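Input: a single structure, listed below in structure tokens.
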Amino acid sequence: MKNRSLIAATCSLALLSSAALAQSTAYDNDDDSGLYLGASYGYLKVDGDDDFDDDKDAYQLFVGYGFNEFIAIEGSYIDFGDYGSDLANADTDGYTLGLKVSLPITEKVYVFAKGGQLWADTDYNLLGVESSSDDEGLFAGLGIGYKINKDWAIKLDYTLYDNDLDIDQAVDDIDDANFSTDLKHAAVGFEYKF
């Protein structure tokens, strides 16, 4: 199911890219190019194997560069926080780098899709044994934004992070434990363009 969601989001991103490239040849609007930064805060739903299901808050800081009003490259730091139970819990944060494709609906309102790579670091506690894991995954998301003025915008977005926690050997008794965790983040944020 998660693979279908990622495939659908990737296809949506590809379609929006094609439409944005087609529109960029029709319009000459370089006012939206340049560096931007922002932050978002929202609801995190953790879906995972065993005891890694949880609902939490998460925050994200991001920086990007818009080549025009349609295409940008964006990197971020995201803190997914603590999740799990007393028997198995984890604390994950990570960095992302990806492509963001936007399409204007009106002069102020735009929709966007984003996707790319997640590098995550997870500290976990499994039955009292503490360890950490570095992992790579993919992310894909959709959102809508509103330009307050030429510098400031607010946005709502929903992003799925496919984060697999591979634990080779948690303790001597448990060999090749494998936890697969999806992190779903719905957030509200702001963006400032320089």
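Every chain in the structure tokens takes a letter, A first, then B, and so on in the order presented; its residues are numbered from 1, and the ligands are numbered from 1 following the presented order.
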| task | Determine, counting only C-alpha atoms, which protein, DNA and RNA residues have an atom within 10 Å of an atom of Phe62 (chain A); residues of the same chain fewer than 4 positions away are not included. Present the result as an MDAnalysis selection string. | result | chainID A and resid 36:40 74:78 95:97 191
**Prompt:** Running DSSP on the backbone, which parts of region 12-164 of chain A land in strand (DSSP E or B), as a PyMOL selection string?
**Reply:** chain A and resi 34-48+54-66+71-84+88-104+109-126+129-147+152-164
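The coordinates place CA of Gln60 (chain A) at 18.6 Å from CA of Tyr146 (chain A).
Taking CA of Phe70 (chain A) and CA of Leu138 (chain A) as the two end points, the separation is 21.7 Å.
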Original post:
Could you name the residues that touch Ala72 (chain A) at 8 Å or less, counting only C-alpha atoms, but leaving out those on the same chain fewer than 6 positions away, as a ChimeraX atom specification?
Top reply: /A:64-66,99-101
Prev. selection, C-alpha atoms, output as a PDB file, in the first residue's frame:
```pdb
ATOM      1  CA  GLY A  64      15.092  26.271  -0.928  1.00  0.00           C
ATOM      2  CA  TYR A  65      15.927  27.972  -4.161  1.00  0.00           C
ATOM      3  CA  GLY A  66      13.223  28.715  -6.722  1.00  0.00           C
ATOM      4  CA  LEU A  99      12.347  18.816  -5.960  1.00  0.00           C
ATOM      5  CA  LYS A 100       9.308  21.055  -5.432  1.00  0.00           C
ATOM      6  CA  VAL A 101       6.986  21.782  -8.338  1.00  0.00           C
TER       7      VAL A 101
END
```
Residue contacts of Ala90 (chain A) (8 Å, only C-alpha atoms) excluding same-chain residues fewer than 5 positions away, as an MDAnalysis selection string:
chainID A and resid 52 82:84 122:125
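Closest approach to Lys108 (chain A) among A:Gly81, A:Gly128, A:Gly137, A:Gly145: A:Gly145, based on only C-alpha atoms.
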- [ ] Extract, using only C-alpha atoms, all DNA, RNA and protein residues at most 8 Å from Asp55 (chain A), discarding same-chain residues fewer than 2 positions from it, and format them as a PyMOL selection string.
- [x] chain A and resi 43-46+53+57+83
